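Raw data09.cif, mmCIF, C-alpha atoms:
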```cif
data_final
#
loop_
_atom_site.label_atom_id
_atom_site.label_comp_id
_atom_site.auth_asym_id
_atom_site.auth_seq_id
_atom_site.Cartn_x
_atom_site.Cartn_y
_atom_site.Cartn_z
CA MET A 1 -32.14 18.81 1.94
CA SER A 2 -33.45 17.83 -1.47
CA ASN A 3 -31.72 15.12 -3.50
CA ARG A 4 -30.80 17.70 -6.15
CA LEU A 5 -29.09 19.97 -3.60
CA LYS A 6 -27.38 16.98 -1.98
CA ASN A 7 -26.14 15.75 -5.38
CA ASN A 8 -24.85 19.23 -6.24
CA ARG A 9 -23.00 19.39 -2.90
CA VAL A 10 -21.41 15.96 -3.47
CA ARG A 11 -20.40 17.04 -6.99
CA ASP A 12 -18.91 20.32 -5.72
CA ASP A 13 -17.04 18.52 -2.90
CA PHE A 14 -15.76 16.02 -5.47
CA LEU A 15 -14.49 18.68 -7.87
CA GLN A 16 -12.81 20.67 -5.08
CA SER A 17 -11.19 17.54 -3.64
CA LEU A 18 -10.00 16.36 -7.07
CA GLN A 19 -8.29 19.71 -7.59
CA ARG A 20 -6.35 19.13 -4.36
CA LEU A 21 -4.83 15.90 -5.70
CA PRO A 22 -1.51 16.21 -7.56
CA HIS A 23 -2.72 14.32 -10.68
CA GLY A 24 -3.43 15.94 -14.00
CA PRO A 25 -6.74 15.24 -15.75
CA GLU A 26 -5.12 12.68 -18.08
CA PHE A 27 -4.17 10.50 -15.08
CA ARG A 28 -7.43 10.55 -13.14
CA PHE A 29 -9.37 7.36 -12.71
CA LEU A 30 -12.51 8.79 -11.12
CA ASP A 31 -15.34 10.05 -13.33
CA ARG A 32 -18.05 10.41 -10.71
CA LEU A 33 -18.44 10.59 -6.98
CA VAL A 34 -21.62 8.69 -6.13
CA ALA A 35 -21.55 9.20 -2.35
CA LEU A 36 -19.40 11.17 0.06
CA ASP A 37 -19.27 11.35 3.84
CA PRO A 38 -16.55 14.05 3.92
CA GLY A 39 -13.33 12.88 5.52
CA LYS A 40 -14.74 9.43 6.28
CA ARG A 41 -15.93 7.37 3.30
CA GLY A 42 -17.08 7.59 -0.27
CA THR A 43 -18.04 5.78 -3.44
CA GLY A 44 -16.87 6.67 -6.92
CA GLU A 45 -16.97 5.30 -10.43
CA TYR A 46 -14.73 5.13 -13.46
CA THR A 47 -15.97 3.96 -16.86
CA VAL A 48 -13.35 2.22 -18.96
CA ARG A 49 -13.86 4.04 -22.26
CA GLY A 50 -11.68 1.84 -24.43
CA ASP A 51 -9.71 4.71 -25.97
CA GLU A 52 -7.23 5.01 -23.08
CA SER A 53 -3.70 4.80 -24.51
CA PHE A 54 -2.54 2.16 -21.98
CA LEU A 55 -5.19 -0.30 -23.24
CA ARG A 56 -3.46 -0.58 -26.63
CA GLY A 57 -0.68 -2.60 -25.02
CA HIS A 58 -2.66 -4.23 -22.18
CA PHE A 59 -3.52 -6.49 -24.04
CA PRO A 60 -3.66 -6.10 -27.84
CA GLY A 61 -6.95 -7.49 -29.07
CA GLU A 62 -8.25 -8.14 -25.53
CA PRO A 63 -7.87 -4.90 -23.58
CA LEU A 64 -8.03 -5.11 -19.77
CA PHE A 65 -7.81 -2.27 -17.28
CA PRO A 66 -4.46 -2.86 -15.50
CA GLY A 67 -4.61 -4.01 -11.87
CA VAL A 68 -2.05 -1.41 -10.85
CA LEU A 69 -4.44 1.28 -12.13
CA LEU A 70 -7.26 -0.23 -10.05
CA ILE A 71 -4.99 0.47 -7.08
CA GLU A 72 -4.35 4.01 -8.35
CA ALA A 73 -8.10 4.63 -8.78
CA ALA A 74 -8.73 3.43 -5.22
CA ALA A 75 -5.93 5.69 -3.93
CA GLN A 76 -7.39 8.66 -5.80
CA LEU A 77 -10.79 8.02 -4.22
CA ALA A 78 -9.20 7.72 -0.76
CA GLY A 79 -7.34 10.97 -1.39
CA THR A 80 -10.51 12.70 -2.52
CA ILE A 81 -12.26 11.61 0.67
CA ALA A 82 -9.35 12.66 2.91
CA GLN A 83 -9.05 16.06 1.22
CA SER A 84 -12.77 16.73 1.77
CA ASP A 85 -12.54 16.48 5.59
CA PRO A 86 -14.18 19.62 7.00
CA GLU A 87 -12.19 19.36 10.25
CA ILE A 88 -8.70 18.91 8.77
CA ALA A 89 -7.05 21.18 6.21
CA PRO A 90 -6.10 19.45 2.94
CA LEU A 91 -2.60 17.99 2.75
CA PRO A 92 -0.51 19.45 -0.07
CA ASN A 93 0.86 16.90 -2.58
CA LEU A 94 -1.06 13.93 -1.16
CA LYS A 95 0.33 10.78 -2.82
CA LEU A 96 0.17 7.01 -2.56
CA THR A 97 2.92 5.86 -0.19
CA ALA A 98 2.27 2.27 0.86
CA LEU A 99 0.05 -0.73 0.17
CA ARG A 100 -0.91 -3.67 2.36
CA SER A 101 -3.11 -6.71 1.88
CA VAL A 102 -3.65 -6.00 -1.81
CA LYS A 103 -5.68 -8.55 -3.72
CA ILE A 104 -6.34 -8.07 -7.42
CA LEU A 105 -9.15 -10.49 -8.17
CA GLY A 106 -10.20 -9.35 -11.63
CA SER A 107 -10.29 -6.42 -14.00
CA ALA A 108 -12.55 -4.39 -16.27
CA LYS A 109 -12.99 -4.28 -20.02
CA PRO A 110 -13.92 -1.32 -22.21
CA GLY A 111 -17.49 -0.22 -21.54
CA GLN A 112 -17.53 -1.55 -17.98
CA VAL A 113 -17.90 0.62 -14.90
CA ILE A 114 -15.50 0.21 -12.00
CA ARG A 115 -17.27 1.04 -8.74
CA LEU A 116 -14.83 2.07 -6.02
CA GLU A 117 -15.43 2.35 -2.29
CA ALA A 118 -12.99 3.70 0.28
CA THR A 119 -13.10 4.32 4.01
CA ILE A 120 -10.54 6.40 5.88
CA THR A 121 -9.40 4.17 8.75
CA GLY A 122 -6.91 6.51 10.41
CA ARG A 123 -4.86 9.68 10.23
CA LEU A 124 -1.60 10.54 11.92
CA GLY A 125 0.19 13.76 11.05
CA ASN A 126 0.60 13.83 7.30
CA LEU A 127 -0.38 10.15 6.84
CA VAL A 128 -3.80 8.90 5.83
CA GLN A 129 -4.79 5.23 5.97
CA ALA A 130 -7.73 3.81 4.09
CA HIS A 131 -9.36 0.53 3.16
CA ALA A 132 -10.60 0.31 -0.41
CA LYS A 133 -12.33 -2.07 -2.74
CA ALA A 134 -13.38 -2.07 -6.37
CA GLU A 135 -16.21 -3.94 -8.06
CA VAL A 136 -17.19 -4.57 -11.66
CA ASN A 137 -20.72 -5.84 -12.33
CA GLY A 138 -21.13 -6.59 -8.62
CA GLU A 139 -17.97 -8.75 -8.47
CA THR A 140 -15.07 -7.66 -6.26
CA VAL A 141 -11.96 -7.08 -8.38
CA LEU A 142 -9.73 -5.35 -5.78
CA THR A 143 -9.30 -5.04 -2.02
CA ALA A 144 -6.46 -3.05 -0.50
CA ASP A 145 -5.26 -1.15 2.53
CA ILE A 146 -3.74 2.10 1.33
CA THR A 147 -1.47 4.68 2.96
CA LEU A 148 -1.27 8.19 1.53
CA CYS A 149 1.23 10.84 2.55
CA GLY A 150 1.15 14.60 2.04
CA ASP A 151 3.51 17.43 2.77
CA GLN A 152 3.47 18.77 6.33
CA GLY A 153 1.21 21.73 6.89
CA GLY A 154 -2.60 21.24 7.29
CA SER A 155 -2.00 17.90 8.96
CA ALA A 156 -3.77 16.73 12.06
CA THR A 157 -4.53 13.56 13.97
CA ARG A 158 -8.05 12.23 14.18
CA ASP A 159 -9.37 8.94 15.53
CA LEU A 160 -12.00 7.33 13.33
CA PRO A 161 -14.43 4.57 14.23
#
```
Structure re-expressed in structure tokens:
Amino acid sequence: MSNRLKNNRVRDDFLQSLQRLPHGPEFRFLDRLVALDPGKRGTGEYTVRGDESFLRGHFPGEPLFPGVLLIEAAAQLAGTIAQSDPEIAPLPNLKLTALRSVKILGSAKPGQVIRLEATITGRLGNLVQAHAKAEVNGETVLTADITLCGDQGGSATRDLP
């Protein structure tokens, strides 16, 4: 498969999976999906534009992307990956449910790109577990174990390596 066709497939998978998340466009923290192994792992990016309304108060004169939104961006990537699984129907209303081992080690400023990576580590019924990390300029700014939960219906159990 050519790179162009592969890139188009990743983009189409990304757009379809994003539509399956409950967030509106104004609360999405993924601009691009760089890589996707459907249902298993993926890499995405978000560019901090500088005009986001939350930056006006975080912090005036020295805006920083909030750590809690780094977690949200990682959860959105994990949800996008989970919803793209070709063997398991998407879970309606998939949302962030639990966090473990969260370490916020830095942040991003306007103009910087946050590179997110997530790996689905397990599924049980309507629960999805993932490990995620975020980097800015090659430096790790977040690591977290994330649990997502969706409504029953389309759920299945799958063991992952």
Considering all atoms listed in the file, can you say which of A:Glu135, A:Asp145, A:Glu62, A:Glu72 comes closest to Leu99 of chain A? A:Asp145
Atom CA of Ile146 of chain A and atom CA of Pro25 of chain A, how far apart in Å?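 One can read the atom CA of Pro25 of chain A to atom CA of Ile146 of chain A distance as 21.8 Å.
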Evaluate the PyMOL selection byres ((chain A and resi 48-59) around 10) here and jot the selected residues down as a CSV table (one decimal) with C-alpha atoms, keeping the file's coordinate frame.
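So selection.csv came out as:
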```
chain,number,residue,atom,x,y,z
A,26,GLU,CA,-5.1,12.7,-18.1
A,29,PHE,CA,-9.4,7.4,-12.7
A,31,ASP,CA,-15.3,10.0,-13.3
A,45,GLU,CA,-17.0,5.3,-10.4
A,46,TYR,CA,-14.7,5.1,-13.5
A,47,THR,CA,-16.0,4.0,-16.9
A,60,PRO,CA,-3.7,-6.1,-27.8
A,61,GLY,CA,-7.0,-7.5,-29.1
A,62,GLU,CA,-8.2,-8.1,-25.5
A,63,PRO,CA,-7.9,-4.9,-23.6
A,64,LEU,CA,-8.0,-5.1,-19.8
A,65,PHE,CA,-7.8,-2.3,-17.3
A,66,PRO,CA,-4.5,-2.9,-15.5
A,108,ALA,CA,-12.6,-4.4,-16.3
A,109,LYS,CA,-13.0,-4.3,-20.0
A,110,PRO,CA,-13.9,-1.3,-22.2
A,111,GLY,CA,-17.5,-0.2,-21.5
A,112,GLN,CA,-17.5,-1.6,-18.0
A,113,VAL,CA,-17.9,0.6,-14.9
A,114,ILE,CA,-15.5,0.2,-12.0
```
Written as number ranges by chain, which residues does the PyMOL selection byres ((chain A and resi 92) around 7) give for the file shown? A: 90-91, 93-94, 150-151
Correct to one decimal, the distance atom CA of Phe27 of chain A-atom CA of Thr140 of chain A is 22.9 Å
Ground truth for the PyMOL selection byres ((chain A and resi 81-83) around 6), written as a list in words: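 That selection, the PyMOL selection byres ((chain A and resi 81-83) around 6), comes back as Ser17, Pro38, Gly39, Ala78, Gly79, Thr80, Ser84, Asp85 and Pro90 of chain A.
Closest approach to Leu148 of chain A among A:Leu105, A:Ala74, A:Ala35, A:Leu96: A:Leu96, based on all atoms listed in the file.
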Return segment 117-128 of chain A, completed with all heavy atoms, as an mmCIF file, in the frame of the given file.
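Result file follows (selection19.cif):
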```
data_model
loop_
_atom_site.group_PDB
_atom_site.id
_atom_site.type_symbol
_atom_site.label_atom_id
_atom_site.label_comp_id
_atom_site.auth_asym_id
_atom_site.auth_seq_id
_atom_site.Cartn_x
_atom_site.Cartn_y
_atom_site.Cartn_z
ATOM 1 N N GLU A 117 -15.012 1.925 -3.627
ATOM 2 C CA GLU A 117 -15.430 2.350 -2.290
ATOM 3 C C GLU A 117 -14.181 2.481 -1.444
ATOM 4 O O GLU A 117 -13.275 1.652 -1.543
ATOM 5 C CB GLU A 117 -16.369 1.321 -1.655
ATOM 6 C CG GLU A 117 -17.670 1.139 -2.386
ATOM 7 C CD GLU A 117 -18.539 0.053 -1.775
ATOM 8 O OE1 GLU A 117 -18.194 -0.469 -0.692
ATOM 9 O OE2 GLU A 117 -19.553 -0.290 -2.406
ATOM 10 N N ALA A 118 -14.131 3.525 -0.617
ATOM 11 C CA ALA A 118 -12.990 3.700 0.280
ATOM 12 C C ALA A 118 -13.480 4.266 1.599
ATOM 13 O O ALA A 118 -14.425 5.053 1.642
ATOM 14 C CB ALA A 118 -11.939 4.612 -0.335
ATOM 15 N N THR A 119 -12.821 3.842 2.657
ATOM 16 C CA THR A 119 -13.100 4.320 4.010
ATOM 17 C C THR A 119 -11.779 4.730 4.636
ATOM 18 O O THR A 119 -10.818 3.953 4.614
ATOM 19 C CB THR A 119 -13.750 3.210 4.862
ATOM 20 O OG1 THR A 119 -14.956 2.795 4.226
ATOM 21 C CG2 THR A 119 -14.052 3.700 6.272
ATOM 22 N N ILE A 120 -11.733 5.942 5.170
ATOM 23 C CA ILE A 120 -10.540 6.400 5.880
ATOM 24 C C ILE A 120 -10.543 5.684 7.226
ATOM 25 O O ILE A 120 -11.512 5.772 7.985
ATOM 26 C CB ILE A 120 -10.542 7.932 6.062
ATOM 27 C CG1 ILE A 120 -10.682 8.643 4.712
ATOM 28 C CG2 ILE A 120 -9.290 8.384 6.810
ATOM 29 C CD1 ILE A 120 -9.615 8.352 3.699
ATOM 30 N N THR A 121 -9.460 4.970 7.508
ATOM 31 C CA THR A 121 -9.400 4.170 8.750
ATOM 32 C C THR A 121 -8.525 4.829 9.807
ATOM 33 O O THR A 121 -8.559 4.419 10.964
ATOM 34 C CB THR A 121 -8.886 2.752 8.450
ATOM 35 O OG1 THR A 121 -7.610 2.831 7.813
ATOM 36 C CG2 THR A 121 -9.879 2.001 7.557
ATOM 37 N N GLY A 122 -7.734 5.823 9.432
ATOM 38 C CA GLY A 122 -6.910 6.510 10.410
ATOM 39 C C GLY A 122 -6.110 7.624 9.799
ATOM 40 O O GLY A 122 -5.871 7.650 8.584
ATOM 41 N N ARG A 123 -5.719 8.567 10.649
ATOM 42 C CA ARG A 123 -4.860 9.680 10.230
ATOM 43 C C ARG A 123 -3.858 9.916 11.342
ATOM 44 O O ARG A 123 -4.209 9.864 12.521
ATOM 45 C CB ARG A 123 -5.671 10.944 10.008
ATOM 46 C CG ARG A 123 -6.604 10.866 8.800
ATOM 47 C CD ARG A 123 -7.290 12.181 8.565
ATOM 48 N NE ARG A 123 -6.383 13.087 7.887
ATOM 49 C CZ ARG A 123 -6.712 13.830 6.837
ATOM 50 N NH1 ARG A 123 -7.930 13.784 6.350
ATOM 51 N NH2 ARG A 123 -5.840 14.631 6.283
ATOM 52 N N LEU A 124 -2.627 10.195 10.957
ATOM 53 C CA LEU A 124 -1.600 10.540 11.920
ATOM 54 C C LEU A 124 -0.652 11.511 11.232
ATOM 55 O O LEU A 124 0.034 11.137 10.271
ATOM 56 C CB LEU A 124 -0.836 9.308 12.396
ATOM 57 C CG LEU A 124 0.293 9.555 13.401
ATOM 58 C CD1 LEU A 124 -0.252 10.161 14.697
ATOM 59 C CD2 LEU A 124 1.026 8.267 13.694
ATOM 60 N N GLY A 125 -0.641 12.748 11.681
ATOM 61 C CA GLY A 125 0.190 13.760 11.050
ATOM 62 C C GLY A 125 -0.155 13.897 9.584
ATOM 63 O O GLY A 125 -1.306 14.144 9.239
ATOM 64 N N ASN A 126 0.840 13.688 8.734
ATOM 65 C CA ASN A 126 0.600 13.830 7.300
ATOM 66 C C ASN A 126 0.298 12.497 6.603
ATOM 67 O O ASN A 126 0.343 12.410 5.387
ATOM 68 C CB ASN A 126 1.799 14.517 6.631
ATOM 69 C CG ASN A 126 3.072 13.709 6.762
ATOM 70 O OD1 ASN A 126 3.236 12.918 7.680
ATOM 71 N ND2 ASN A 126 3.996 13.921 5.844
ATOM 72 N N LEU A 127 -0.030 11.464 7.389
ATOM 73 C CA LEU A 127 -0.380 10.150 6.840
ATOM 74 C C LEU A 127 -1.873 9.910 6.912
ATOM 75 O O LEU A 127 -2.525 10.263 7.900
ATOM 76 C CB LEU A 127 0.342 9.047 7.608
ATOM 77 C CG LEU A 127 1.863 9.054 7.554
ATOM 78 C CD1 LEU A 127 2.415 7.985 8.494
ATOM 79 C CD2 LEU A 127 2.358 8.839 6.135
ATOM 80 N N VAL A 128 -2.389 9.277 5.884
ATOM 81 C CA VAL A 128 -3.800 8.900 5.830
ATOM 82 C C VAL A 128 -3.858 7.422 5.484
ATOM 83 O O VAL A 128 -3.243 6.979 4.517
ATOM 84 C CB VAL A 128 -4.560 9.699 4.745
ATOM 85 C CG1 VAL A 128 -6.008 9.246 4.649
ATOM 86 C CG2 VAL A 128 -4.472 11.201 5.002
#
```
